[in-house]
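What follows is a short report on a single structure.
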Amino acid sequence: MEISKCLVCPCNNKMYKNNNTLKEHHHSNIHMVWEYPRRIKELEIQIKRYENNLAHEKRINKLLMNQLDKLEEFHESETNF
Ligand SMILES: [Zn+2]
């Protein structure tokens with residue numbers, strides 16, 4: 001009974017006899033259409049994560065560039081004497 005529970009696809013709540021029939025179902029249009037918006041959502045989450053990482057790296061980059069500018073200014077003022 002517990003094994004059969006695992007072989008129900010959430011897209012249609014139908015039971016599948018074994019892994020092979022379930023896999024076959026996963027390649028069917030009905031399942032793909034059901035899965036499509038979920039995949040899009042997953043991709044959107046991934047994109048958001050990349051965007052956040054990129055924004056974070058840009059902030060660090062800006063911080064380092066500012067520090068570099070300050071060091072250069074300091075160096076210039078030191079060599080002007
Ligand atoms: Zn399905």
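Labels for the structure tokens follow display order: chains A, B, ..., residues from 1 in each chain, ligands from 1.
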Exercise for review: Can you tell me which residues come within 12 Å of ligand 1 when counting only C-alpha atoms and all ligand atoms, ideally as a list in words?
Suggested key: Leu7, Val8, Cys9, Pro10, Cys11, Asn12, Asn13, Lys14, Met15, Tyr16, Thr21, Leu22, Lys23, Glu24, His25, His26, His27, Ser28, Asn29, Ile30, His31, Met32, Val33, Trp34, Glu35 and Tyr36 of chain A
Go ahead and write the residues just picked, C-alpha atoms, as a tab-separated table (two decimals), in the first residue's frame.
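Below is the file out-v7.tsv, written as the result:
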```tsv
chain	number	residue	atom	x	y	z
A	7	LEU	CA	3.37	6.02	-7.58
A	8	VAL	CA	0.56	8.53	-7.69
A	9	CYS	CA	1.30	11.51	-9.87
A	10	PRO	CA	0.11	14.80	-8.33
A	11	CYS	CA	-0.85	16.16	-11.75
A	12	ASN	CA	-3.84	13.86	-12.10
A	13	ASN	CA	-3.89	11.84	-8.82
A	14	LYS	CA	-3.79	8.64	-10.85
A	15	MET	CA	-1.99	5.53	-9.60
A	16	TYR	CA	0.74	3.93	-11.66
A	21	THR	CA	4.65	3.45	-16.23
A	22	LEU	CA	5.07	6.51	-14.01
A	23	LYS	CA	8.15	7.56	-15.99
A	24	GLU	CA	6.23	7.11	-19.21
A	25	HIS	CA	3.50	9.28	-17.82
A	26	HIS	CA	6.08	11.96	-16.90
A	27	HIS	CA	6.88	12.25	-20.60
A	28	SER	CA	3.23	12.63	-21.58
A	29	ASN	CA	1.80	15.95	-22.74
A	30	ILE	CA	-0.71	16.04	-19.87
A	31	HIS	CA	2.05	15.84	-17.29
A	32	MET	CA	4.35	18.24	-19.17
A	33	VAL	CA	1.61	20.87	-19.40
A	34	TRP	CA	1.02	20.51	-15.65
A	35	GLU	CA	4.73	20.72	-14.89
A	36	TYR	CA	5.50	23.67	-17.17
```
Practice item. Check the DSSP output for the backbone and give back, as a PyMOL selection string, the residues of chain A in strand (DSSP E). Key: chain A and resi 8-9+14-15
**Study point:** Per-residue DSSP, segment 6-53 of chain A, filtered to helix (DSSP H, G or I), as an MDAnalysis selection string
**Key:** chainID A and resid 6 19:26 29:53
Filtering to C-alpha atoms, could you give me those residues as a compact mmCIF listing (two decimals), in the first residue's frame?
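Result written to out.txt:
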```txt
# COMPACT_ATOMS: atom_id res chain seq x y z
CA CYS A 6 4.57 6.83 -4.09
CA ASN A 19 8.17 3.18 -11.92
CA ASN A 20 8.28 2.58 -15.65
CA THR A 21 4.65 3.45 -16.23
CA LEU A 22 5.07 6.51 -14.01
CA LYS A 23 8.15 7.56 -15.99
CA GLU A 24 6.23 7.11 -19.21
CA HIS A 25 3.50 9.28 -17.82
CA HIS A 26 6.08 11.96 -16.90
CA ASN A 29 1.80 15.95 -22.74
CA ILE A 30 -0.71 16.04 -19.87
CA HIS A 31 2.05 15.84 -17.29
CA MET A 32 4.35 18.24 -19.17
CA VAL A 33 1.61 20.87 -19.40
CA TRP A 34 1.02 20.51 -15.65
CA GLU A 35 4.73 20.72 -14.89
CA TYR A 36 5.50 23.67 -17.17
CA PRO A 37 4.38 26.53 -14.86
CA ARG A 38 6.22 24.86 -11.96
CA ARG A 39 9.42 24.76 -13.96
CA ILE A 40 8.96 28.41 -14.91
CA LYS A 41 8.49 29.27 -11.24
CA GLU A 42 11.65 27.33 -10.31
CA LEU A 43 13.58 29.16 -13.02
CA GLU A 44 12.24 32.50 -11.82
CA ILE A 45 13.44 31.69 -8.29
CA GLN A 46 16.84 30.73 -9.68
CA ILE A 47 17.06 33.94 -11.72
CA LYS A 48 16.12 35.98 -8.65
CA ARG A 49 18.89 34.23 -6.69
CA TYR A 50 21.44 35.01 -9.43
CA GLU A 51 20.27 38.63 -9.56
CA ASN A 52 20.66 38.94 -5.78
CA ASN A 53 24.16 37.46 -5.95
```
